[in-house]
Amino acid sequence: MPLALIRIDDRLVHGQVVEGWIPHVAAAEVVVVSDAAAEDETQSLLMRIALPEEVALKVLRVDEAPAYLASCATKPQKVLVLAPGPGQVLGLLDRGVSLETVNVGGMHYSAGKVQLGKAIFLSGEDRAALQEIGRRGVRLEGRAVPGEPPVALLELLR
């Protein structure tokens, strides 16, 4: 089964993902791609608790994720991939993961970031990573929840 959704969201597993995206794509598993989360047992435990019992969770470092995601292609269940930022998605592409579309749903404000969409604030590094992802032929859509119309982020980045 191909990956059902690849989403950039700095909050990772939270209400919009659990109540909105998981049912929308009928995901049976969530794969979090984050070196920091993979090294933080407490964060992994909190994400496990936040998910419905029947939804599996895998928290992987960026360098571990490509092999695992490749194995998901033979599973019958749909997989939702979460990354906290565009750097992790670019890391997946660098390691040979093929992606068609990436949903950018939550990159929240912090000092020095510029607003691009309703809940999308970018640093210069984020902007450069998203532009590189786009240059590699990946469609970037801005959308917080499934019911919103997608926004073509590459057009906004120009």
# chains A, B, ... in the order shown; residues from 1 in each chain; ligands from 1
$ residues_around --residues "Val97 of chain A" --least-positions-apart "6" --cutoff "8 Å" --atoms "only C-alpha atoms" --output "PDB file with N, CA and C atoms, in the first residue's frame"
ATOM      1  N   PRO A  66      13.757   5.419   5.657  1.00  0.00           N
ATOM      2  CA  PRO A  66      13.568   4.935   4.282  1.00  0.00           C
ATOM      3  C   PRO A  66      13.382   3.428   4.170  1.00  0.00           C
ATOM      4  N   LEU A  69       9.897   2.609   5.507  1.00  0.00           N
ATOM      5  CA  LEU A  69       8.843   3.066   4.591  1.00  0.00           C
ATOM      6  C   LEU A  69       8.783   2.204   3.338  1.00  0.00           C
ATOM      7  N   ALA A  70       9.929   1.723   2.862  1.00  0.00           N
ATOM      8  CA  ALA A  70       9.944   0.815   1.707  1.00  0.00           C
ATOM      9  C   ALA A  70       9.206  -0.474   2.041  1.00  0.00           C
TER      10      ALA A  70
END
$ select_by_dssp --residues "segment 21-152 of chain A" --states "strand (DSSP E or B)" --output "NGL selection string"
:A and (27-33 or 56-60 or 78-83 or 101-107 or 114-117 or 120-122 or 139-142 or 151-152)
$ write_last_selection --atoms "N, CA and C atoms" --output "CSV table (one decimal), in the first residue's frame"
chain,number,residue,atom,x,y,z
A,27,ALA,N,-5.8,5.7,7.9
A,27,ALA,CA,-4.5,5.2,8.2
A,27,ALA,C,-4.6,4.2,9.4
A,28,ALA,N,-3.9,3.1,9.2
A,28,ALA,CA,-3.8,2.1,10.3
A,28,ALA,C,-2.5,2.2,11.1
A,29,GLU,N,-1.6,3.1,10.5
A,29,GLU,CA,-0.3,3.2,11.2
A,29,GLU,C,0.2,4.7,11.0
A,30,VAL,N,0.9,5.2,12.0
A,30,VAL,CA,1.5,6.5,11.9
A,30,VAL,C,3.0,6.3,12.1
A,31,VAL,N,3.8,6.9,11.1
A,31,VAL,CA,5.2,6.8,11.2
A,31,VAL,C,5.7,8.2,11.4
A,32,VAL,N,6.4,8.5,12.5
A,32,VAL,CA,6.9,9.8,12.8
A,32,VAL,C,8.4,9.7,12.4
A,33,VAL,N,8.8,10.7,11.6
A,33,VAL,CA,10.2,10.7,11.1
A,33,VAL,C,10.9,11.9,11.8
A,56,ALA,N,-1.3,1.8,14.8
A,56,ALA,CA,0.1,1.5,15.2
A,56,ALA,C,1.0,2.8,15.1
A,57,LEU,N,2.0,2.8,15.9
A,57,LEU,CA,3.0,4.0,15.9
A,57,LEU,C,4.4,3.5,15.7
A,58,LYS,N,5.1,4.1,14.9
A,58,LYS,CA,6.6,3.9,14.7
A,58,LYS,C,7.2,5.2,14.7
A,59,VAL,N,8.2,5.4,15.6
A,59,VAL,CA,9.0,6.7,15.7
A,59,VAL,C,10.4,6.4,15.2
A,60,LEU,N,10.9,7.0,14.2
A,60,LEU,CA,12.1,6.6,13.5
A,60,LEU,C,13.0,7.8,13.3
A,78,LYS,N,-2.8,1.3,5.3
A,78,LYS,CA,-2.4,2.7,4.9
A,78,LYS,C,-1.5,3.3,6.0
A,79,VAL,N,-0.5,4.0,5.6
A,79,VAL,CA,0.4,4.6,6.5
A,79,VAL,C,0.4,6.1,6.4
A,80,LEU,N,0.3,6.9,7.5
A,80,LEU,CA,0.4,8.3,7.5
A,80,LEU,C,1.8,8.6,8.1
A,81,VAL,N,2.6,9.4,7.4
A,81,VAL,CA,3.9,9.8,7.8
A,81,VAL,C,3.9,11.3,8.3
A,82,LEU,N,4.5,11.5,9.5
A,82,LEU,CA,4.6,12.8,10.0
A,82,LEU,C,6.0,13.2,10.2
A,83,ALA,N,6.3,14.4,9.9
A,83,ALA,CA,7.7,15.0,10.1
A,83,ALA,C,7.5,16.4,10.7
A,101,THR,N,3.4,14.0,-3.2
A,101,THR,CA,2.8,15.2,-2.6
A,101,THR,C,3.1,15.2,-1.1
A,102,VAL,N,3.4,16.4,-0.6
A,102,VAL,CA,3.6,16.6,0.9
A,102,VAL,C,2.6,17.6,1.3
A,103,ASN,N,1.9,17.3,2.4
A,103,ASN,CA,1.0,18.2,3.0
A,103,ASN,C,1.7,19.0,4.1
A,104,VAL,N,1.6,20.3,4.0
A,104,VAL,CA,2.2,21.2,5.1
A,104,VAL,C,1.1,21.7,5.9
A,105,GLY,N,1.0,21.3,7.1
A,105,GLY,CA,-0.1,21.7,7.9
A,105,GLY,C,0.1,22.5,9.1
A,106,GLY,N,1.2,22.4,9.7
A,106,GLY,CA,1.4,23.2,10.9
A,106,GLY,C,2.9,23.4,11.2
A,107,MET,N,3.3,24.6,10.9
A,107,MET,CA,4.7,25.1,11.2
A,107,MET,C,4.4,26.4,11.9
A,114,VAL,N,8.6,33.9,9.1
A,114,VAL,CA,7.7,34.7,8.3
A,114,VAL,C,6.5,33.9,7.9
A,115,GLN,N,5.3,34.5,8.1
A,115,GLN,CA,4.0,33.8,7.8
A,115,GLN,C,3.8,33.6,6.3
A,116,LEU,N,3.5,32.3,5.9
A,116,LEU,CA,3.2,32.0,4.5
A,116,LEU,C,1.8,31.6,4.3
A,117,GLY,N,1.2,31.0,5.3
A,117,GLY,CA,-0.2,30.6,5.2
A,117,GLY,C,-0.8,30.7,6.6
A,120,ILE,N,1.3,28.4,8.8
A,120,ILE,CA,2.6,28.1,8.2
A,120,ILE,C,3.5,29.3,8.4
A,121,PHE,N,4.5,29.1,9.2
A,121,PHE,CA,5.5,30.2,9.5
A,121,PHE,C,6.9,29.6,9.1
A,122,LEU,N,7.6,30.2,8.3
A,122,LEU,CA,8.9,29.7,7.8
A,122,LEU,C,10.1,30.5,8.2
A,139,ARG,N,4.9,17.9,-5.1
A,139,ARG,CA,3.8,18.9,-5.0
A,139,ARG,C,3.7,19.2,-3.5
A,140,LEU,N,3.7,20.5,-3.1
A,140,LEU,CA,3.5,20.9,-1.7
A,140,LEU,C,2.1,21.6,-1.6
A,141,GLU,N,1.3,21.0,-0.7
A,141,GLU,CA,0.0,21.6,-0.5
A,141,GLU,C,-0.1,22.1,1.0
A,142,GLY,N,-0.6,23.3,1.2
A,142,GLY,CA,-0.8,23.8,2.5
A,142,GLY,C,-2.3,23.5,2.9
A,151,VAL,N,-3.8,24.6,-0.6
A,151,VAL,CA,-3.1,25.8,-1.2
A,151,VAL,C,-1.8,25.4,-1.8
A,152,ALA,N,-1.6,25.8,-3.0
A,152,ALA,CA,-0.3,25.4,-3.7
A,152,ALA,C,0.8,26.3,-3.1
$ select_by_dssp --residues "segment 59-142 of chain A" --states "helix (DSSP H, G or I)" --output "list in words"
Ala65, Pro66, Ala67, Tyr68, Leu69, Ala70, Ser71, Cys72, Pro86, Gly87, Gln88, Val89, Leu90, Gly91, Leu92, Leu93, Asp94, Gly124, Glu125, Asp126, Arg127, Ala128, Ala129, Leu130, Gln131, Glu132, Ile133, Gly134 and Arg135 of chain A
$ residues_around --residues "Gly85 of chain A" --least-positions-apart "2" --cutoff "8 Å" --atoms "only C-alpha atoms" --output "list in words"
Ile8, Asp9, Asp10, Ala83, Gly87, Gln88, Val89, Met107 and Asp126 of chain A
$ closest_residue --among "A:Glu53, A:Pro84, A:Met47, A:Pro150" --to "His108 of chain A" --atoms "only C-alpha atoms"
A:Pro84
$ closest_residue --among "A:Leu45, A:Leu90, A:Leu5, A:Val55" --to "Val18 of chain A" --atoms "only C-alpha atoms"
A:Val55
$ atom_distance --atom1 "atom CA of Asp94 of chain A" --atom2 "atom CA of Gly124 of chain A"
19.7 Å
$ closest_residue --among "A:Glu41, A:Leu12, A:Arg127, A:Trp21" --to "Lys113 of chain A" --atoms "only C-alpha atoms"
A:Arg127
$ atom_distance --atom1 "atom CA of Ser71 of chain A" --atom2 "atom CA of Leu3 of chain A"
10.8 Å
$ atom_distance --atom1 "atom CA of Ala37 of chain A" --atom2 "atom CA of Arg7 of chain A"
15.5 Å
$ residues_around --residues "Arg136 of chain A" --least-positions-apart "5" --cutoff "10 Å" --atoms "only C-alpha atoms" --output "number ranges by chain"
A: 90, 93, 98-100, 130-131
$ write_last_selection --atoms "N, CA and C atoms" --output "compact mmCIF listing (two decimals), in the first residue's frame"
# COMPACT_ATOMS: atom_id res chain seq x y z
N LEU A 90 13.14 16.45 3.29
CA LEU A 90 14.26 16.54 2.37
C LEU A 90 15.25 15.40 2.65
N LEU A 93 13.96 12.33 0.93
CA LEU A 93 14.22 12.40 -0.50
C LEU A 93 15.69 12.12 -0.80
N SER A 98 10.62 8.08 -2.57
CA SER A 98 9.90 8.75 -3.65
C SER A 98 8.58 9.30 -3.10
N LEU A 99 8.37 10.61 -3.29
CA LEU A 99 7.16 11.26 -2.80
C LEU A 99 6.52 12.06 -3.93
N GLU A 100 5.19 12.02 -4.00
CA GLU A 100 4.47 12.81 -5.00
C GLU A 100 3.97 14.12 -4.41
N LEU A 130 11.83 23.69 1.54
CA LEU A 130 10.59 23.51 0.78
C LEU A 130 10.82 23.76 -0.71
N GLN A 131 11.59 24.79 -1.03
CA GLN A 131 11.88 25.07 -2.44
C GLN A 131 12.65 23.90 -3.08
